[in-house]
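Participant: Questions regarding the structure given below will be posed in turn.
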Amino acid sequence: MPETTGGPAEKVHWKGSALLAPVPAVMVSCGTPERPNILTVAWTGVLSTRPPVTYVSVRPTRHSYRLILESGVFVINLTPAALVRQADFCGIYTGAKVNKFERCGLTPVPSPYVPAPMIGECPVSLSCRVKERVPLGSHDLFVAEIVGVSVSPELLDGQGKLHLERAGLCAYAHGEYYELGRQLGRIGFSTDKPTGGRHGKKGRTPTDG
């Protein structure tokens, strides 16, 4: 059985708010290779694995909103801790007035999957094609299929296995950025036998239960 830490402490109750953390602080590239733009997004995640479907939530007032709406494509670029200052900058300034690629020293690289640029300095780029737009209130949800993934060779071993821990990714929690650190386990480790065997079904994800 999993270890426990004692009885629960009494909680303070607040009204509903968007207090889900940590979340990824990704840089979403959009526009065209000739006129590229970057939008930093924390409201993103996975909706389905087959087909691979993701989303980004964007305020309609943002410059990137119109670019994504018109083109129907964007690229989610995972942010390493080394680029957290650039990610913050791209979330503060508008691409209507600032060329964020130039100001941040980033490189727009053509995606082989969609007519939107990737960020060359990011270790993983997910090229996405919009399937649906859902107005939700302050933000609109762009539901998109991940049509291709581009990975830096430095993250692969000799057998081609992905080692995402090498990317040094960052996360966002309640207005602050953090670097991912110590590994605590892997999927299914709570059901390991004392000999190191495994009961859990290989390939399951935390959402399969």
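Residues in the structure tokens are named by chain (A, B, ... in the order shown) and by number from 1 within that chain; ligands are numbered from 1 in the order shown.
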Can you check which residues of range 17-108 of chain A DSSP gives as strand (DSSP E) on the backbone and send them as number ranges by chain?
Facilitator: A: 23-24, 26-31, 36-41, 44-49, 52-58, 73-77, 108
Participant: Could you turn the residues from that selection into a file that holds C-alpha atoms, as a PDB file, in the first residue's frame?
Facilitator:
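Generated output (again-v5.pdb):
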ATOM      1  CA  VAL A  23       1.393  23.494 -15.816  1.00  0.00           C
ATOM      2  CA  PRO A  24       3.812  23.729 -18.761  1.00  0.00           C
ATOM      3  CA  VAL A  26       5.229  26.570 -23.557  1.00  0.00           C
ATOM      4  CA  MET A  27       6.050  28.953 -26.354  1.00  0.00           C
ATOM      5  CA  VAL A  28       3.465  28.712 -29.128  1.00  0.00           C
ATOM      6  CA  SER A  29       4.775  29.831 -32.502  1.00  0.00           C
ATOM      7  CA  CYS A  30       2.327  30.934 -35.173  1.00  0.00           C
ATOM      8  CA  GLY A  31       2.052  33.141 -38.196  1.00  0.00           C
ATOM      9  CA  PRO A  36       6.464  34.664 -37.351  1.00  0.00           C
ATOM     10  CA  ASN A  37       5.187  35.302 -33.853  1.00  0.00           C
ATOM     11  CA  ILE A  38       5.446  33.681 -30.422  1.00  0.00           C
ATOM     12  CA  LEU A  39       2.848  33.476 -27.669  1.00  0.00           C
ATOM     13  CA  THR A  40       3.656  32.028 -24.241  1.00  0.00           C
ATOM     14  CA  VAL A  41       0.860  29.778 -23.000  1.00  0.00           C
ATOM     15  CA  THR A  44      -2.364  23.703 -22.578  1.00  0.00           C
ATOM     16  CA  GLY A  45      -2.393  19.933 -22.279  1.00  0.00           C
ATOM     17  CA  VAL A  46      -3.378  16.619 -23.850  1.00  0.00           C
ATOM     18  CA  LEU A  47      -7.003  15.750 -24.653  1.00  0.00           C
ATOM     19  CA  SER A  48      -6.526  12.444 -26.498  1.00  0.00           C
ATOM     20  CA  THR A  49      -3.739  10.066 -27.495  1.00  0.00           C
ATOM     21  CA  PRO A  52      -3.086  12.835 -30.512  1.00  0.00           C
ATOM     22  CA  VAL A  53      -5.105  15.934 -29.642  1.00  0.00           C
ATOM     23  CA  THR A  54      -3.988  18.952 -27.657  1.00  0.00           C
ATOM     24  CA  TYR A  55      -5.296  22.443 -26.975  1.00  0.00           C
ATOM     25  CA  VAL A  56      -4.243  25.996 -26.214  1.00  0.00           C
ATOM     26  CA  SER A  57      -6.461  28.584 -24.539  1.00  0.00           C
ATOM     27  CA  VAL A  58      -5.935  32.093 -25.889  1.00  0.00           C
ATOM     28  CA  VAL A  73      -2.193  25.966 -37.362  1.00  0.00           C
ATOM     29  CA  PHE A  74       0.358  26.548 -34.618  1.00  0.00           C
ATOM     30  CA  VAL A  75       3.385  24.873 -33.037  1.00  0.00           C
ATOM     31  CA  ILE A  76       3.759  24.105 -29.327  1.00  0.00           C
ATOM     32  CA  ASN A  77       7.441  24.412 -28.387  1.00  0.00           C
ATOM     33  CA  PRO A 108      12.132  30.526 -36.736  1.00  0.00           C
TER      34      PRO A 108
END
Participant: When DSSP works through the backbone of this structure, what residues of chain A end up as helix (DSSP H, G or I), shown as a PyMOL selection string?
Facilitator: chain A and resi 63-71+81-92+100-104+153-155+164-167+189-191
Participant: Keeping N, CA and C atoms for every residue in the selection just given, could you write it to a file as a compact mmCIF listing (two decimals), in the first residue's frame?
Facilitator:
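Final output, out37.txt:
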# COMPACT_ATOMS: atom_id res chain seq x y z
N HIS A 63 -2.78 39.21 -30.07
CA HIS A 63 -2.40 39.27 -31.48
C HIS A 63 -2.31 37.87 -32.09
N SER A 64 -1.80 36.92 -31.33
CA SER A 64 -1.65 35.55 -31.84
C SER A 64 -2.98 34.87 -32.07
N TYR A 65 -4.01 35.31 -31.37
CA TYR A 65 -5.34 34.71 -31.54
C TYR A 65 -5.78 34.81 -33.00
N ARG A 66 -5.63 36.00 -33.57
CA ARG A 66 -6.05 36.19 -34.96
C ARG A 66 -5.20 35.37 -35.91
N LEU A 67 -3.90 35.27 -35.62
CA LEU A 67 -3.01 34.50 -36.48
C LEU A 67 -3.39 33.02 -36.50
N ILE A 68 -3.70 32.49 -35.32
CA ILE A 68 -4.10 31.08 -35.25
C ILE A 68 -5.47 30.88 -35.88
N LEU A 69 -6.38 31.81 -35.63
CA LEU A 69 -7.72 31.69 -36.19
C LEU A 69 -7.69 31.70 -37.71
N GLU A 70 -6.88 32.56 -38.30
CA GLU A 70 -6.82 32.68 -39.75
C GLU A 70 -6.08 31.52 -40.41
N SER A 71 -5.00 31.06 -39.79
CA SER A 71 -4.18 30.02 -40.42
C SER A 71 -4.65 28.61 -40.07
N ALA A 81 14.55 25.36 -19.26
CA ALA A 81 14.78 26.38 -18.25
C ALA A 81 15.72 27.47 -18.76
N ALA A 82 16.62 27.12 -19.67
CA ALA A 82 17.56 28.10 -20.22
C ALA A 82 16.86 29.20 -21.01
N LEU A 83 15.62 28.97 -21.42
CA LEU A 83 14.88 29.96 -22.22
C LEU A 83 13.71 30.57 -21.45
N VAL A 84 13.72 30.45 -20.13
CA VAL A 84 12.56 30.93 -19.37
C VAL A 84 12.42 32.45 -19.46
N ARG A 85 13.52 33.18 -19.55
CA ARG A 85 13.43 34.64 -19.70
C ARG A 85 12.78 35.00 -21.03
N GLN A 86 13.14 34.28 -22.09
CA GLN A 86 12.52 34.52 -23.39
C GLN A 86 11.03 34.18 -23.35
N ALA A 87 10.69 33.09 -22.67
CA ALA A 87 9.28 32.71 -22.56
C ALA A 87 8.48 33.78 -21.84
N ASP A 88 9.05 34.32 -20.78
CA ASP A 88 8.35 35.38 -20.04
C ASP A 88 8.17 36.61 -20.91
N PHE A 89 9.21 36.98 -21.64
CA PHE A 89 9.13 38.15 -22.54
C PHE A 89 8.02 37.96 -23.57
N CYS A 90 7.95 36.76 -24.15
CA CYS A 90 6.96 36.50 -25.19
C CYS A 90 5.53 36.47 -24.65
N GLY A 91 5.39 36.32 -23.35
CA GLY A 91 4.07 36.38 -22.74
C GLY A 91 3.65 37.77 -22.32
N ILE A 92 4.61 38.69 -22.28
CA ILE A 92 4.34 40.05 -21.81
C ILE A 92 4.10 41.02 -22.97
N LYS A 100 9.27 39.22 -31.74
CA LYS A 100 9.76 38.49 -30.57
C LYS A 100 10.92 37.56 -30.92
N PHE A 101 10.92 37.00 -32.10
CA PHE A 101 12.05 36.15 -32.49
C PHE A 101 13.35 36.96 -32.46
N GLU A 102 13.33 38.15 -33.05
CA GLU A 102 14.53 38.98 -33.09
C GLU A 102 14.91 39.47 -31.70
N ARG A 103 13.96 39.95 -30.93
CA ARG A 103 14.25 40.50 -29.61
C ARG A 103 14.78 39.43 -28.66
N CYS A 104 14.34 38.19 -28.83
CA CYS A 104 14.75 37.11 -27.92
C CYS A 104 15.90 36.28 -28.46
N PRO A 153 18.14 15.92 -31.62
CA PRO A 153 18.86 14.65 -31.52
C PRO A 153 19.52 14.43 -30.17
N GLU A 154 19.83 15.51 -29.45
CA GLU A 154 20.49 15.38 -28.15
C GLU A 154 19.61 14.66 -27.12
N LEU A 155 18.32 14.58 -27.38
CA LEU A 155 17.41 13.92 -26.44
C LEU A 155 17.27 12.42 -26.72
N LEU A 164 13.46 12.66 -22.28
CA LEU A 164 12.96 14.02 -22.12
C LEU A 164 13.58 14.72 -20.92
N GLU A 165 14.09 13.92 -19.96
CA GLU A 165 14.71 14.54 -18.79
C GLU A 165 15.95 15.36 -19.17
N ARG A 166 16.54 15.08 -20.31
CA ARG A 166 17.70 15.83 -20.75
C ARG A 166 17.35 17.25 -21.20
N ALA A 167 16.08 17.50 -21.43
CA ALA A 167 15.67 18.80 -21.97
C ALA A 167 15.69 19.90 -20.91
N PHE A 189 4.96 2.50 -10.78
CA PHE A 189 5.93 2.14 -9.75
C PHE A 189 5.26 1.81 -8.41
N SER A 190 4.05 2.31 -8.19
CA SER A 190 3.36 2.03 -6.92
C SER A 190 2.90 0.58 -6.82
N THR A 191 2.89 -0.14 -7.94
CA THR A 191 2.47 -1.54 -7.93
C THR A 191 3.64 -2.49 -8.12
Participant: With distances taken over only C-alpha atoms, which residue among A:Cys128, A:Ala173, A:Leu156, A:Val149 lies nearest Ala18 in chain A?
Facilitator: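 Checking each candidate against Ala18 in chain A, we get A:Ala173 as the closest.
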Participant: Compare A:Val98, A:Ile146, A:Ile187, A:Ala25 by their minimum atom-to-atom distance to Tyr113 in chain A, counting only C-alpha atoms, and give me the closest one.
Facilitator: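 Among the listed residues, A:Ile146 lies closest to Tyr113 in chain A.
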Participant: Residues near Ser152 in chain A, anyone? I mean within 10 Å using only C-alpha atoms, not counting same-chain ones fewer than 6 positions away, as a list of chain:residue names.
Facilitator: A:Gly120, A:Glu121, A:Cys122, A:Pro123, A:Val124, A:Ser125, A:Leu162, A:Ala167
Participant: Output the selection as a compact mmCIF listing (two decimals), in the first residue's frame - C-alpha atoms for each residue.
Facilitator:
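Done, and the output landed in result-v6.txt:
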# COMPACT_ATOMS: atom_id res chain seq x y z
CA GLY A 120 14.83 26.20 -33.37
CA GLU A 121 16.23 26.55 -29.85
CA CYS A 122 13.42 24.54 -28.22
CA PRO A 123 14.16 20.80 -27.83
CA VAL A 124 10.68 19.54 -28.74
CA SER A 125 8.14 21.06 -31.13
CA LEU A 162 13.57 9.66 -26.09
CA ALA A 167 15.67 18.80 -21.97
Participant: For Pro115 in chain A, which of A:Thr32, A:Ala9, A:Trp14, A:Ser150 is the closest residue, counting only C-alpha atoms?
Facilitator: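 Looking at the shortest contact to Pro115 in chain A, the residue is A:Thr32.
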Participant: Could you work out how far CA of Pro135 in chain A lies from CA of Ser17 in chain A, giving the answer in Å with one decimal?
Facilitator: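 Pair CA of Ser17 in chain A / CA of Pro135 in chain A returns 17.8 Å.
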Participant: Can you pull out the residues contacting Arg133 in chain A? Cut-off 9 Å, using only C-alpha atoms, and skip same-chain residues under 6 positions away; I want them as an MDAnalysis selection string.
Facilitator: chainID A and resid 69 140:144
Participant: Grab the residues selected above and save them as a compact mmCIF listing (two decimals), in the first residue's frame with N, CA and C atoms.
Facilitator:
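Generated output (selection.txt):
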# COMPACT_ATOMS: atom_id res chain seq x y z
N LEU A 69 -6.38 31.81 -35.63
CA LEU A 69 -7.72 31.69 -36.19
C LEU A 69 -7.69 31.70 -37.71
N ASP A 140 -10.62 31.57 -25.50
CA ASP A 140 -11.17 30.60 -26.46
C ASP A 140 -10.23 29.40 -26.50
N LEU A 141 -10.81 28.22 -26.59
CA LEU A 141 -10.04 26.98 -26.63
C LEU A 141 -9.84 26.55 -28.08
N PHE A 142 -8.59 26.43 -28.51
CA PHE A 142 -8.28 25.88 -29.82
C PHE A 142 -7.92 24.41 -29.65
N VAL A 143 -8.83 23.53 -30.06
CA VAL A 143 -8.58 22.09 -30.02
C VAL A 143 -7.86 21.72 -31.30
N ALA A 144 -6.74 21.01 -31.20
CA ALA A 144 -5.92 20.76 -32.38
C ALA A 144 -5.32 19.37 -32.35
